[in-house]
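Structure file work_13.cif (mmCIF, C-alpha atoms (C1' of nucleotides)) follows.
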```cif
data_protein
loop_
_atom_site.group_PDB
_atom_site.id
_atom_site.type_symbol
_atom_site.label_atom_id
_atom_site.label_comp_id
_atom_site.auth_asym_id
_atom_site.auth_seq_id
_atom_site.Cartn_x
_atom_site.Cartn_y
_atom_site.Cartn_z
ATOM 1 C CA MET C 4 0.000 0.000 0.000
ATOM 2 C CA GLN C 5 1.340 3.411 -0.944
ATOM 3 C CA ALA C 6 1.841 5.774 1.974
ATOM 4 C CA THR C 7 -0.044 8.475 0.107
ATOM 5 C CA THR C 8 -3.148 6.407 -0.514
ATOM 6 C CA MET C 9 -6.144 5.908 1.753
ATOM 7 C CA ARG C 10 -9.446 4.089 1.820
ATOM 8 C CA ILE C 11 -12.876 5.633 2.119
ATOM 9 C CA GLY C 12 -13.110 5.481 5.909
ATOM 10 C CA GLU C 13 -9.943 7.502 6.401
ATOM 11 C CA LEU C 14 -10.918 10.112 3.831
ATOM 12 C CA ALA C 15 -14.303 10.445 5.485
ATOM 13 C CA GLU C 16 -12.767 11.050 8.882
ATOM 14 C CA ARG C 17 -10.114 13.460 7.656
ATOM 15 C CA ALA C 18 -12.559 15.484 5.572
ATOM 16 C CA GLY C 19 -15.198 15.415 8.273
ATOM 17 C CA VAL C 20 -17.966 13.809 6.274
ATOM 18 C CA SER C 21 -19.703 10.445 6.267
ATOM 19 C CA VAL C 22 -18.676 7.481 4.144
ATOM 20 C CA ARG C 23 -22.158 7.609 2.661
ATOM 21 C CA SER C 24 -21.569 11.163 1.493
ATOM 22 C CA LEU C 25 -18.342 10.264 -0.281
ATOM 23 C CA ARG C 26 -20.066 7.488 -2.215
ATOM 24 C CA TYR C 27 -22.844 9.916 -3.041
ATOM 25 C CA TYR C 28 -20.353 12.490 -4.316
ATOM 26 C CA GLU C 29 -18.807 9.890 -6.576
ATOM 27 C CA GLU C 30 -22.240 8.914 -7.832
ATOM 28 C CA GLN C 31 -22.827 12.564 -8.705
ATOM 29 C CA GLY C 32 -19.531 12.774 -10.574
ATOM 30 C CA LEU C 33 -18.017 15.124 -8.004
ATOM 31 C CA LEU C 34 -15.312 12.855 -6.622
ATOM 32 C CA ALA C 35 -13.119 10.383 -8.459
ATOM 33 C CA SER C 36 -11.477 7.314 -6.974
ATOM 34 C CA THR C 37 -9.146 4.616 -8.175
ATOM 35 C CA ARG C 38 -10.268 1.095 -7.446
ATOM 36 C CA SER C 39 -8.259 -1.796 -6.097
ATOM 37 C CA PRO C 40 -8.622 -5.109 -7.951
ATOM 38 C CA SER C 41 -11.288 -6.101 -5.443
ATOM 39 C CA GLY C 42 -13.237 -2.932 -6.058
ATOM 40 C CA GLN C 43 -12.310 -0.900 -3.003
ATOM 41 C CA ARG C 44 -11.947 2.844 -3.493
ATOM 42 C CA HIS C 45 -8.584 4.495 -2.972
ATOM 43 C CA TYR C 46 -7.932 8.186 -2.579
ATOM 44 C CA VAL C 47 -4.951 10.518 -2.469
ATOM 45 C CA GLU C 48 -4.042 13.387 -0.154
ATOM 46 C CA SER C 49 -5.469 16.115 -2.346
ATOM 47 C CA ASP C 50 -8.887 14.510 -2.164
ATOM 48 C CA VAL C 51 -9.180 15.709 1.437
ATOM 49 C CA GLY C 52 -9.109 19.313 0.297
ATOM 50 C CA HIS C 53 -11.349 18.569 -2.620
ATOM 51 C CA VAL C 54 -14.031 17.084 -0.389
ATOM 52 C CA MET C 55 -13.791 20.136 1.860
ATOM 53 C CA PHE C 56 -14.317 22.264 -1.235
ATOM 54 C CA LEU C 57 -17.431 20.275 -2.054
ATOM 55 C CA GLN C 58 -18.736 20.834 1.462
ATOM 56 C CA ARG C 59 -18.215 24.561 1.060
ATOM 57 C CA MET C 60 -20.166 24.605 -2.151
ATOM 58 C CA TYR C 61 -23.025 22.670 -0.589
ATOM 59 C CA ALA C 62 -22.990 25.064 2.349
ATOM 60 C CA ALA C 63 -23.177 27.938 -0.126
ATOM 61 C CA GLY C 64 -26.402 26.468 -1.426
ATOM 62 C CA LEU C 65 -25.169 24.969 -4.683
ATOM 63 C CA SER C 66 -26.745 21.715 -5.806
ATOM 64 C CA SER C 67 -24.708 18.709 -6.890
ATOM 65 C CA ARG C 68 -25.460 19.499 -10.499
ATOM 66 C CA THR C 69 -24.335 23.097 -10.156
ATOM 67 C CA ILE C 70 -21.139 22.127 -8.385
ATOM 68 C CA LEU C 71 -20.471 19.734 -11.228
ATOM 69 C CA GLU C 72 -20.834 22.578 -13.692
ATOM 70 C CA VAL C 73 -18.342 24.885 -11.999
ATOM 71 C CA MET C 74 -15.894 22.154 -10.987
ATOM 72 C CA PRO C 75 -13.580 22.552 -13.993
ATOM 73 C CA CYS C 76 -12.767 26.068 -12.811
ATOM 74 C CA ALA C 77 -11.729 24.718 -9.419
ATOM 75 C CA THR C 78 -9.829 21.585 -10.365
ATOM 76 C CA ALA C 79 -7.978 23.068 -13.328
ATOM 77 C CA PRO C 80 -8.047 26.863 -13.067
ATOM 78 C CA SER C 81 -4.972 27.032 -15.232
ATOM 79 C CA GLU C 82 -6.736 25.496 -18.167
ATOM 80 C CA ALA C 83 -9.081 27.178 -20.553
ATOM 81 C CA ASN C 84 -12.348 25.817 -19.292
ATOM 82 C CA SER C 85 -15.627 26.095 -21.048
ATOM 83 C CA ASP C 86 -17.388 29.424 -21.095
ATOM 84 C CA ALA C 87 -20.382 27.710 -19.533
ATOM 85 C CA ALA C 88 -18.402 26.676 -16.458
ATOM 86 C CA PHE C 89 -16.925 30.124 -15.934
ATOM 87 C CA GLU C 90 -20.166 31.949 -16.512
ATOM 88 C CA ARG C 91 -21.930 29.635 -14.118
ATOM 89 C CA LEU C 92 -19.245 30.325 -11.547
ATOM 90 C CA VAL C 93 -19.787 34.084 -11.815
ATOM 91 C CA LEU C 94 -23.539 33.557 -11.696
ATOM 92 C CA GLU C 95 -23.322 31.535 -8.499
ATOM 93 C CA ARG C 96 -21.008 34.076 -6.898
ATOM 94 C CA ASP C 97 -23.585 36.790 -7.636
ATOM 95 C CA ARG C 98 -26.423 34.623 -6.389
ATOM 96 C CA LEU C 99 -24.506 34.008 -3.180
ATOM 97 C CA SER C 100 -23.875 37.746 -2.792
ATOM 98 C CA ALA C 101 -27.568 38.467 -3.124
ATOM 99 C CA HIS C 102 -28.355 35.745 -0.629
ATOM 100 C CA ILE C 103 -25.873 37.129 1.880
ATOM 101 C CA ASP C 104 -27.435 40.566 1.504
ATOM 102 C CA GLU C 105 -30.873 39.176 2.184
ATOM 103 C CA LEU C 106 -29.674 37.230 5.210
ATOM 104 C CA THR C 107 -27.962 40.347 6.506
ATOM 105 C CA ARG C 108 -31.207 42.278 6.280
ATOM 106 C CA THR C 109 -32.981 39.460 8.084
ATOM 107 C CA ARG C 110 -30.363 39.505 10.812
ATOM 108 C CA GLU C 111 -30.913 43.215 11.247
ATOM 109 C CA ALA C 112 -34.627 42.529 11.622
ATOM 110 C CA LEU C 113 -33.846 39.944 14.296
ATOM 111 C CA ASP C 114 -31.554 42.432 16.011
ATOM 112 C CA ARG C 115 -34.334 44.994 16.146
ATOM 113 C CA LEU C 116 -36.675 42.358 17.532
ATOM 114 C CA ILE C 117 -34.154 41.488 20.213
ATOM 115 C CA VAL C 118 -33.668 45.097 21.239
ATOM 116 C CA LEU C 119 -37.406 45.612 21.358
ATOM 117 C CA ASN C 120 -37.956 42.613 23.573
ATOM 118 C CA ARG C 121 -34.949 43.214 25.798
ATOM 119 C CA ASP C 122 -35.980 46.792 26.425
ATOM 120 C CA HIS C 123 -39.365 45.768 27.623
ATOM 121 C CA ARG C 124 -38.032 42.971 29.770
ATOM 122 C CA GLU C 125 -35.644 45.368 31.471
ATOM 123 C CA ARG C 126 -38.402 47.857 32.054
ATOM 124 C CA THR C 127 -40.705 45.184 33.387
ATOM 125 C CA PHE C 128 -38.383 43.242 35.596
ATOM 126 C CA GLY C 129 -35.419 45.559 36.096
ATOM 127 C CA ALA C 130 -33.306 42.485 35.561
ATOM 128 C CA SER C 131 -30.311 42.033 33.326
ATOM 129 C CA VAL C 132 -30.973 40.087 30.180
ATOM 130 C CA PRO C 133 -28.408 38.016 28.322
ATOM 131 C CA GLY C 134 -27.588 38.235 24.640
ATOM 132 C CA MET N 10 -68.146 41.057 3.876
ATOM 133 C CA GLN N 11 -65.903 43.408 5.862
ATOM 134 C CA ALA N 12 -63.678 45.602 3.738
ATOM 135 C CA THR N 13 -60.667 44.562 5.801
ATOM 136 C CA THR N 14 -61.134 40.848 5.440
ATOM 137 C CA MET N 15 -59.867 38.561 2.690
ATOM 138 C CA ARG N 16 -59.932 34.926 1.708
ATOM 139 C CA ILE N 17 -56.971 32.645 1.294
ATOM 140 C CA GLY N 18 -56.422 33.299 -2.405
ATOM 141 C CA GLU N 19 -56.051 37.024 -1.945
ATOM 142 C CA LEU N 20 -53.695 36.649 1.006
ATOM 143 C CA ALA N 21 -51.595 34.221 -0.991
ATOM 144 C CA GLU N 22 -51.286 36.638 -3.885
ATOM 145 C CA ARG N 23 -50.572 39.663 -1.743
ATOM 146 C CA ALA N 24 -47.986 37.897 0.375
ATOM 147 C CA GLY N 25 -46.435 36.212 -2.620
ATOM 148 C CA VAL N 26 -46.837 32.616 -1.494
ATOM 149 C CA SER N 27 -49.006 29.693 -2.549
ATOM 150 C CA VAL N 28 -52.365 28.826 -1.076
ATOM 151 C CA ARG N 29 -50.901 25.481 -0.145
ATOM 152 C CA SER N 30 -48.213 27.169 1.929
ATOM 153 C CA LEU N 31 -50.730 29.211 3.883
ATOM 154 C CA ARG N 32 -52.666 26.098 4.835
ATOM 155 C CA TYR N 33 -49.395 24.485 5.842
ATOM 156 C CA TYR N 34 -48.461 27.464 8.021
ATOM 157 C CA GLU N 35 -51.790 27.180 9.787
ATOM 158 C CA GLU N 36 -51.259 23.470 10.270
ATOM 159 C CA GLN N 37 -47.922 24.292 11.916
ATOM 160 C CA GLY N 38 -49.528 26.832 14.219
ATOM 161 C CA LEU N 39 -47.793 29.762 12.543
ATOM 162 C CA LEU N 40 -50.824 31.492 11.060
ATOM 163 C CA ALA N 41 -54.281 31.918 12.536
ATOM 164 C CA SER N 42 -57.491 32.403 10.611
ATOM 165 C CA THR N 43 -61.112 32.989 11.449
ATOM 166 C CA ARG N 44 -63.557 30.699 9.744
ATOM 167 C CA SER N 45 -66.799 31.558 8.062
ATOM 168 C CA PRO N 46 -69.809 29.390 8.998
ATOM 169 C CA SER N 47 -69.083 27.238 5.961
ATOM 170 C CA GLY N 48 -65.485 26.750 7.029
ATOM 171 C CA GLN N 49 -63.675 29.138 4.708
ATOM 172 C CA ARG N 50 -60.656 30.938 6.118
ATOM 173 C CA HIS N 51 -60.706 34.694 6.506
ATOM 174 C CA TYR N 52 -57.718 36.914 7.141
ATOM 175 C CA VAL N 53 -57.052 40.539 8.032
ATOM 176 C CA GLU N 54 -54.641 43.104 6.633
ATOM 177 C CA SER N 55 -51.904 42.502 9.165
ATOM 178 C CA ASP N 56 -51.694 38.863 8.116
ATOM 179 C CA VAL N 57 -49.980 39.970 4.901
ATOM 180 C CA GLY N 58 -47.034 41.306 6.855
ATOM 181 C CA HIS N 59 -47.073 38.330 9.169
ATOM 182 C CA VAL N 60 -46.803 35.890 6.275
ATOM 183 C CA MET N 61 -43.913 37.921 4.879
ATOM 184 C CA PHE N 62 -42.269 37.637 8.275
ATOM 185 C CA LEU N 63 -42.689 33.873 8.160
ATOM 186 C CA GLN N 64 -41.090 33.812 4.710
ATOM 187 C CA ARG N 65 -38.128 35.751 6.066
ATOM 188 C CA MET N 66 -37.661 33.297 8.876
ATOM 189 C CA TYR N 67 -37.808 30.365 6.491
ATOM 190 C CA ALA N 68 -35.291 32.123 4.254
ATOM 191 C CA ALA N 69 -33.052 32.573 7.285
ATOM 192 C CA GLY N 70 -33.022 28.819 7.735
ATOM 193 C CA LEU N 71 -35.393 28.484 10.663
ATOM 194 C CA SER N 72 -37.665 25.474 10.725
ATOM 195 C CA SER N 73 -41.400 25.707 11.347
ATOM 196 C CA ARG N 74 -40.904 24.532 14.895
ATOM 197 C CA THR N 75 -38.220 27.114 15.590
ATOM 198 C CA ILE N 76 -40.294 29.922 14.124
ATOM 199 C CA LEU N 77 -43.109 28.811 16.383
ATOM 200 C CA GLU N 78 -40.813 29.107 19.374
ATOM 201 C CA VAL N 79 -39.720 32.675 18.671
ATOM 202 C CA MET N 80 -43.099 33.894 17.400
ATOM 203 C CA PRO N 81 -44.271 35.363 20.709
ATOM 204 C CA CYS N 82 -41.399 37.850 20.533
ATOM 205 C CA ALA N 83 -42.571 39.003 17.119
ATOM 206 C CA THR N 84 -46.311 39.107 17.580
ATOM 207 C CA ALA N 85 -46.319 40.625 21.044
ATOM 208 C CA PRO N 86 -42.926 42.239 21.706
ATOM 209 C CA SER N 87 -44.535 44.480 24.293
ATOM 210 C CA GLU N 88 -45.484 41.572 26.490
ATOM 211 C CA ALA N 89 -43.276 39.665 28.801
ATOM 212 C CA ASN N 90 -42.768 36.557 26.758
ATOM 213 C CA SER N 91 -41.263 33.388 28.037
ATOM 214 C CA ASP N 92 -37.539 33.264 28.618
ATOM 215 C CA ALA N 93 -37.407 30.300 26.274
ATOM 216 C CA ALA N 94 -38.773 32.316 23.358
ATOM 217 C CA PHE N 95 -36.397 35.190 23.905
ATOM 218 C CA GLU N 96 -33.365 33.012 24.430
ATOM 219 C CA ARG N 97 -34.221 31.073 21.335
ATOM 220 C CA LEU N 98 -34.488 34.307 19.413
ATOM 221 C CA VAL N 99 -31.004 35.378 20.487
ATOM 222 C CA LEU N 100 -29.677 31.917 19.700
ATOM 223 C CA GLU N 101 -31.076 32.022 16.190
ATOM 224 C CA ARG N 102 -29.710 35.501 15.601
ATOM 225 C CA ASP N 103 -26.250 34.269 16.572
ATOM 226 C CA ARG N 104 -26.601 31.178 14.442
ATOM 227 C CA LEU N 105 -27.563 33.353 11.505
ATOM 228 C CA SER N 106 -24.571 35.613 12.122
ATOM 229 C CA ALA N 107 -22.231 32.651 12.066
ATOM 230 C CA HIS N 108 -23.857 31.396 8.904
ATOM 231 C CA ILE N 109 -23.463 34.755 7.209
ATOM 232 C CA ASP N 110 -19.787 34.811 8.174
ATOM 233 C CA GLU N 111 -19.246 31.396 6.673
ATOM 234 C CA LEU N 112 -21.062 32.331 3.487
ATOM 235 C CA THR N 113 -18.987 35.480 3.254
ATOM 236 C CA ARG N 114 -15.794 33.451 3.448
ATOM 237 C CA THR N 115 -17.136 31.133 0.788
ATOM 238 C CA ARG N 116 -17.938 34.069 -1.431
ATOM 239 C CA GLU N 117 -14.377 35.293 -1.029
ATOM 240 C CA ALA N 118 -13.164 31.873 -2.110
ATOM 241 C CA LEU N 119 -15.397 32.062 -5.172
ATOM 242 C CA ASP N 120 -14.057 35.545 -5.892
ATOM 243 C CA ARG N 121 -10.499 34.253 -5.825
ATOM 244 C CA LEU N 122 -11.486 31.413 -8.130
ATOM 245 C CA ILE N 123 -13.047 33.872 -10.541
ATOM 246 C CA VAL N 124 -9.983 36.091 -10.599
ATOM 247 C CA LEU N 125 -7.758 33.088 -11.136
ATOM 248 C CA ASN N 126 -9.791 31.850 -14.056
ATOM 249 C CA ARG N 127 -10.326 35.249 -15.596
ATOM 250 C CA ASP N 128 -6.650 36.038 -15.485
ATOM 251 C CA HIS N 129 -5.771 32.936 -17.359
ATOM 252 C CA ARG N 130 -8.505 33.413 -19.901
ATOM 253 C CA GLU N 131 -7.294 36.922 -20.614
ATOM 254 C CA ARG N 132 -3.742 35.735 -21.004
ATOM 255 C CA THR N 133 -4.810 32.909 -23.269
ATOM 256 C CA PHE N 134 -7.298 34.650 -25.479
ATOM 257 C CA GLY N 135 -6.562 38.335 -24.975
ATOM 258 C CA ALA N 136 -10.320 38.736 -24.862
ATOM 259 C CA SER N 137 -12.446 40.597 -22.365
ATOM 260 C CA VAL N 138 -14.286 38.421 -19.913
ATOM 261 C CA PRO N 139 -17.538 39.332 -18.251
ATOM 262 C CA GLY N 140 -18.297 39.257 -14.545
ATOM 263 C "C1'" DA T 2 -80.438 29.807 -10.428
ATOM 264 C "C1'" DT T 3 -76.611 28.668 -12.950
ATOM 265 C "C1'" DG T 4 -71.885 28.848 -14.281
ATOM 266 C "C1'" DA T 5 -67.345 30.363 -13.221
ATOM 267 C "C1'" DA T 6 -64.183 30.856 -9.924
ATOM 268 C "C1'" DC T 7 -63.166 30.129 -5.538
ATOM 269 C "C1'" DC T 8 -62.615 27.194 -1.321
ATOM 270 C "C1'" DC T 9 -62.568 22.766 1.704
ATOM 271 C "C1'" DT T 10 -60.134 18.181 3.513
ATOM 272 C "C1'" DG T 11 -57.292 14.393 2.785
ATOM 273 C "C1'" DA T 12 -53.778 12.190 0.808
ATOM 274 C "C1'" DC T 13 -50.053 11.008 -2.015
ATOM 275 C "C1'" DA T 14 -45.764 12.793 -4.877
ATOM 276 C "C1'" DC T 15 -41.591 15.177 -5.102
ATOM 277 C "C1'" DT T 16 -36.858 16.941 -4.247
ATOM 278 C "C1'" DG T 17 -31.974 16.316 -2.524
ATOM 279 C "C1'" DA T 18 -28.538 15.103 0.447
ATOM 280 C "C1'" DC T 19 -28.063 11.965 3.063
ATOM 281 C "C1'" DG T 20 -29.136 7.648 7.035
ATOM 282 C "C1'" DT T 21 -29.554 2.951 7.436
ATOM 283 C "C1'" DC T 22 -29.992 -1.809 6.656
ATOM 284 C "C1'" DA T 23 -29.131 -6.303 4.322
ATOM 285 C "C1'" DG T 24 -26.228 -9.549 2.377
ATOM 286 C "C1'" DA T 25 -21.846 -10.234 0.698
ATOM 287 C "C1'" DG T 26 -16.806 -9.864 0.124
ATOM 288 C "C1'" DG T 27 -11.809 -8.089 1.441
ATOM 289 C "C1'" DC T 28 -7.810 -7.936 4.480
ATOM 290 C "C1'" DA T 29 -4.322 -7.792 8.265
ATOM 291 C "C1'" DA T 30 -3.318 -10.079 12.864
ATOM 292 C "C1'" DG T 31 -3.203 -13.855 15.978
ATOM 293 C "C1'" DC H 14 -8.193 -20.366 9.688
ATOM 294 C "C1'" DT H 15 -10.647 -17.379 12.030
ATOM 295 C "C1'" DT H 16 -11.779 -13.164 14.240
ATOM 296 C "C1'" DG H 17 -12.868 -8.469 13.647
ATOM 297 C "C1'" DC H 18 -13.101 -4.534 11.124
ATOM 298 C "C1'" DC H 19 -13.312 -2.505 6.889
ATOM 299 C "C1'" DT H 20 -15.511 -2.184 2.357
ATOM 300 C "C1'" DC H 21 -18.901 -3.260 -1.522
ATOM 301 C "C1'" DT H 22 -23.752 -2.701 -4.015
ATOM 302 C "C1'" DG H 23 -28.514 -1.945 -3.854
ATOM 303 C "C1'" DA H 24 -32.418 -0.350 -2.000
ATOM 304 C "C1'" DC H 25 -35.548 1.762 0.942
ATOM 305 C "C1'" DG H 26 -36.280 5.503 4.745
ATOM 306 C "C1'" DT H 27 -36.069 10.430 6.290
ATOM 307 C "C1'" DC H 28 -37.155 15.350 6.547
ATOM 308 C "C1'" DA H 29 -39.576 19.674 5.370
ATOM 309 C "C1'" DG H 30 -41.785 22.536 2.564
ATOM 310 C "C1'" DT H 31 -44.503 22.388 -1.185
ATOM 311 C "C1'" DG H 32 -47.035 20.556 -5.640
ATOM 312 C "C1'" DT H 33 -50.926 18.247 -7.088
ATOM 313 C "C1'" DC H 34 -54.974 15.554 -7.464
ATOM 314 C "C1'" DA H 35 -59.687 13.865 -6.158
ATOM 315 C "C1'" DG H 36 -64.167 14.691 -4.761
ATOM 316 C "C1'" DG H 37 -66.911 17.785 -2.921
ATOM 317 C "C1'" DG H 38 -69.086 22.469 -1.072
ATOM 318 C "C1'" DT H 39 -69.319 28.017 -1.399
ATOM 319 C "C1'" DT H 40 -69.815 32.549 -3.253
ATOM 320 C "C1'" DC H 41 -71.194 35.841 -6.455
ATOM 321 C "C1'" DA H 42 -72.536 38.040 -10.626
ATOM 322 C "C1'" DT H 43 -75.574 37.704 -14.226
#
```
File written out as structure tokens:
Amino acid sequence: MQATTMRIGELAERAGVSVRSLRYYEEQGLLASTRSPSGQRHYVESDVGHVMFLQRMYAAGLSSRTILEVMPCATAPSEANSDAAFERLVLERDRLSAHIDELTRTREALDRLIVLNRDHRERTFGASVPG
Amino acid sequence: MQATTMRIGELAERAGVSVRSLRYYEEQGLLASTRSPSGQRHYVESDVGHVMFLQRMYAAGLSSRTILEVMPCATAPSEANSDAAFERLVLERDRLSAHIDELTRTREALDRLIVLNRDHRERTFGASVPG
DNA sequence: ATGAACCCTGACACTGACGTCAGAGGCAAG
DNA sequence: CTTGCCTCTGACGTCAGTGTCAGGGTTCAT
């Protein structure tokens, strides 16, 4: 066994995801693996970072299909990737920006709600309120 | 018919959600309605804003159950609501803040990816690239 | 009073990223 | 060889918000 190669359980632990997720990513075309003669998946060091990248994209609200579309830009930024991939990347960045803006406005609304409630609680009970 | 009362279809249109969603919100205890003798739901003006508030909370990633928990703080901020509701509200605000921070970092990563790809495309093709 | 447009309940379908289980095989250590 | 842990495929389950359909009643203008 090469020192730089690992099986699915180790990759899962090091990347902080479940074994099930890794198989799902492969099924979606998002993660490649070499197979041993008996069919077991083997991964290399760089796959740890790649899986973390996938997690980030999921957390940003991209679907598997969308991640697949922009992947060329991430795995081979030095190559001339398809216009579609690059344009999709820009599109998703803009979508994420808009989403962040909306969430920020919602947080401000929650802040106002908190102030409103805290004020009244202080007036009513004269007690200190956490948060 | 009172001028200030509306049926479910009108509320749905004015709040920008589906009729199905409104019935679901009621089922979850998030939206109250008065019923006509024949059983049809009737709503008042302020329900429009309330439904928009619910949409915001959903967009912020709160579940129906969580929205239900913090609702007292929103519908009656001038009353002394349960500690649980208020603490949950603060908790969700903080959770949202953390989420926004993470999304912001992800957007920065996407920005770097875009710059990286655009640079190479310009070098390769000498063409202008959008975004 | 009749037709169009609305509303009711109940229930099943869907999506998407997984959890979980079954039944089987692989692999290093004792 | 066997024990124990890892892995394999395949398939069904989950959750949560919503779509959609069936089969029926309501409202309102003409």
Students should find that atom CA of Arg10 of chain C and atom CA of Met74 of chain C are spaced 23.1 Å
* **Exercise answer, chain C residues close to chain H, 12 Å and only C-alpha atoms (C1' of nucleotides), as a ChimeraX atom specification** => /C:10-13,22-23,26,38-39,41-45
Please write the residues from the selection above to a file, keeping C-alpha atoms, as an mmCIF file, keeping the file's coordinate frame.
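Result file result.cif:
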```
data_model
loop_
_atom_site.group_PDB
_atom_site.id
_atom_site.type_symbol
_atom_site.label_atom_id
_atom_site.label_comp_id
_atom_site.auth_asym_id
_atom_site.auth_seq_id
_atom_site.Cartn_x
_atom_site.Cartn_y
_atom_site.Cartn_z
ATOM 1 C CA ARG C 10 -9.446 4.089 1.820
ATOM 2 C CA ILE C 11 -12.876 5.633 2.119
ATOM 3 C CA GLY C 12 -13.110 5.481 5.909
ATOM 4 C CA GLU C 13 -9.943 7.502 6.401
ATOM 5 C CA VAL C 22 -18.676 7.481 4.144
ATOM 6 C CA ARG C 23 -22.158 7.609 2.661
ATOM 7 C CA ARG C 26 -20.066 7.488 -2.215
ATOM 8 C CA ARG C 38 -10.268 1.095 -7.446
ATOM 9 C CA SER C 39 -8.259 -1.796 -6.097
ATOM 10 C CA SER C 41 -11.288 -6.101 -5.443
ATOM 11 C CA GLY C 42 -13.237 -2.932 -6.058
ATOM 12 C CA GLN C 43 -12.310 -0.900 -3.003
ATOM 13 C CA ARG C 44 -11.947 2.844 -3.493
ATOM 14 C CA HIS C 45 -8.584 4.495 -2.972
#
```
One decimal place gives the atom CA of Ile103 of chain C-atom CA of Leu112 of chain N separation as 7.0 Å
| request: Enter the distance from atom CA of Glu90 of chain C to atom CA of Leu122 of chain N, in Å, rounded to one decimal. | output: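 Value for the atom CA of Glu90 of chain C-atom CA of Leu122 of chain N distance: 12.1 Å.
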Taking all atoms listed in the file into account, what are the residues of chain N at most 10 Å from chain C, put as a compact mmCIF listing (two decimals) with C-alpha atoms, in the coordinates of the input?
```txt
# COMPACT_ATOMS: atom_id res chain seq x y z
CA PHE N 62 -42.27 37.64 8.28
CA ARG N 65 -38.13 35.75 6.07
CA MET N 66 -37.66 33.30 8.88
CA ALA N 68 -35.29 32.12 4.25
CA ALA N 69 -33.05 32.57 7.28
CA GLY N 70 -33.02 28.82 7.74
CA CYS N 82 -41.40 37.85 20.53
CA ALA N 83 -42.57 39.00 17.12
CA ALA N 85 -46.32 40.62 21.04
CA PRO N 86 -42.93 42.24 21.71
CA SER N 87 -44.54 44.48 24.29
CA GLU N 88 -45.48 41.57 26.49
CA ALA N 89 -43.28 39.66 28.80
CA ASN N 90 -42.77 36.56 26.76
CA ASP N 92 -37.54 33.26 28.62
CA PHE N 95 -36.40 35.19 23.90
CA GLU N 96 -33.36 33.01 24.43
CA LEU N 98 -34.49 34.31 19.41
CA VAL N 99 -31.00 35.38 20.49
CA LEU N 100 -29.68 31.92 19.70
CA GLU N 101 -31.08 32.02 16.19
CA ARG N 102 -29.71 35.50 15.60
CA ASP N 103 -26.25 34.27 16.57
CA ARG N 104 -26.60 31.18 14.44
CA LEU N 105 -27.56 33.35 11.50
CA SER N 106 -24.57 35.61 12.12
CA HIS N 108 -23.86 31.40 8.90
CA ILE N 109 -23.46 34.76 7.21
CA ASP N 110 -19.79 34.81 8.17
CA GLU N 111 -19.25 31.40 6.67
CA LEU N 112 -21.06 32.33 3.49
CA THR N 113 -18.99 35.48 3.25
CA ARG N 114 -15.79 33.45 3.45
CA THR N 115 -17.14 31.13 0.79
CA ARG N 116 -17.94 34.07 -1.43
CA GLU N 117 -14.38 35.29 -1.03
CA ALA N 118 -13.16 31.87 -2.11
CA LEU N 119 -15.40 32.06 -5.17
CA ASP N 120 -14.06 35.54 -5.89
CA LEU N 122 -11.49 31.41 -8.13
CA ILE N 123 -13.05 33.87 -10.54
CA VAL N 124 -9.98 36.09 -10.60
CA LEU N 125 -7.76 33.09 -11.14
CA ASN N 126 -9.79 31.85 -14.06
CA ARG N 127 -10.33 35.25 -15.60
CA ASP N 128 -6.65 36.04 -15.48
CA HIS N 129 -5.77 32.94 -17.36
CA ARG N 130 -8.51 33.41 -19.90
CA GLU N 131 -7.29 36.92 -20.61
CA THR N 133 -4.81 32.91 -23.27
CA PHE N 134 -7.30 34.65 -25.48
CA VAL N 138 -14.29 38.42 -19.91
CA PRO N 139 -17.54 39.33 -18.25
CA GLY N 140 -18.30 39.26 -14.54
```
Can you tell me, as a ChimeraX atom specification, what residues are no more than 9 Å from Leu40 of chain N when counting only C-alpha atoms (C1' of nucleotides), ignoring any on the same chain fewer than 2 positions away?
/N:31-38,42,56,59-60,63
Practice task
Define the interface residues of chain T facing chain N as those within 12 Å, counting only C-alpha atoms (C1' of nucleotides), and report them as a ChimeraX atom specification.
Solution key: /T:6-10
Take the selection from the previous step and output its residues with C-alpha atoms (C1' of nucleotides), as a tab-separated table (two decimals), in the coordinates of the input.
```
chain	number	residue	atom	x	y	z
T	6	DA	C1'	-64.18	30.86	-9.92
T	7	DC	C1'	-63.17	30.13	-5.54
T	8	DC	C1'	-62.62	27.19	-1.32
T	9	DC	C1'	-62.57	22.77	1.70
T	10	DT	C1'	-60.13	18.18	3.51
```
Could you write segment 68-73 of chain C as a PDB file, keeping the file's coordinate frame, with N, CA and C atoms rebuilt where they are missing?
```pdb
ATOM      1  N   ARG C  68     -25.563  19.240  -9.068  1.00  0.00           N
ATOM      2  CA  ARG C  68     -25.460  19.499 -10.499  1.00  0.00           C
ATOM      3  C   ARG C  68     -24.721  20.808 -10.781  1.00  0.00           C
ATOM      4  N   THR C  69     -24.991  21.801  -9.969  1.00  0.00           N
ATOM      5  CA  THR C  69     -24.335  23.097 -10.156  1.00  0.00           C
ATOM      6  C   THR C  69     -22.849  23.011  -9.820  1.00  0.00           C
ATOM      7  N   ILE C  70     -22.551  22.310  -8.747  1.00  0.00           N
ATOM      8  CA  ILE C  70     -21.139  22.127  -8.385  1.00  0.00           C
ATOM      9  C   ILE C  70     -20.413  21.446  -9.533  1.00  0.00           C
ATOM     10  N   LEU C  71     -21.073  20.454 -10.107  1.00  0.00           N
ATOM     11  CA  LEU C  71     -20.471  19.734 -11.228  1.00  0.00           C
ATOM     12  C   LEU C  71     -20.150  20.687 -12.382  1.00  0.00           C
ATOM     13  N   GLU C  72     -21.037  21.632 -12.585  1.00  0.00           N
ATOM     14  CA  GLU C  72     -20.834  22.578 -13.692  1.00  0.00           C
ATOM     15  C   GLU C  72     -19.628  23.490 -13.480  1.00  0.00           C
ATOM     16  N   VAL C  73     -19.436  23.941 -12.252  1.00  0.00           N
ATOM     17  CA  VAL C  73     -18.342  24.885 -11.999  1.00  0.00           C
ATOM     18  C   VAL C  73     -17.020  24.193 -11.665  1.00  0.00           C
TER      19      VAL C  73
END
```
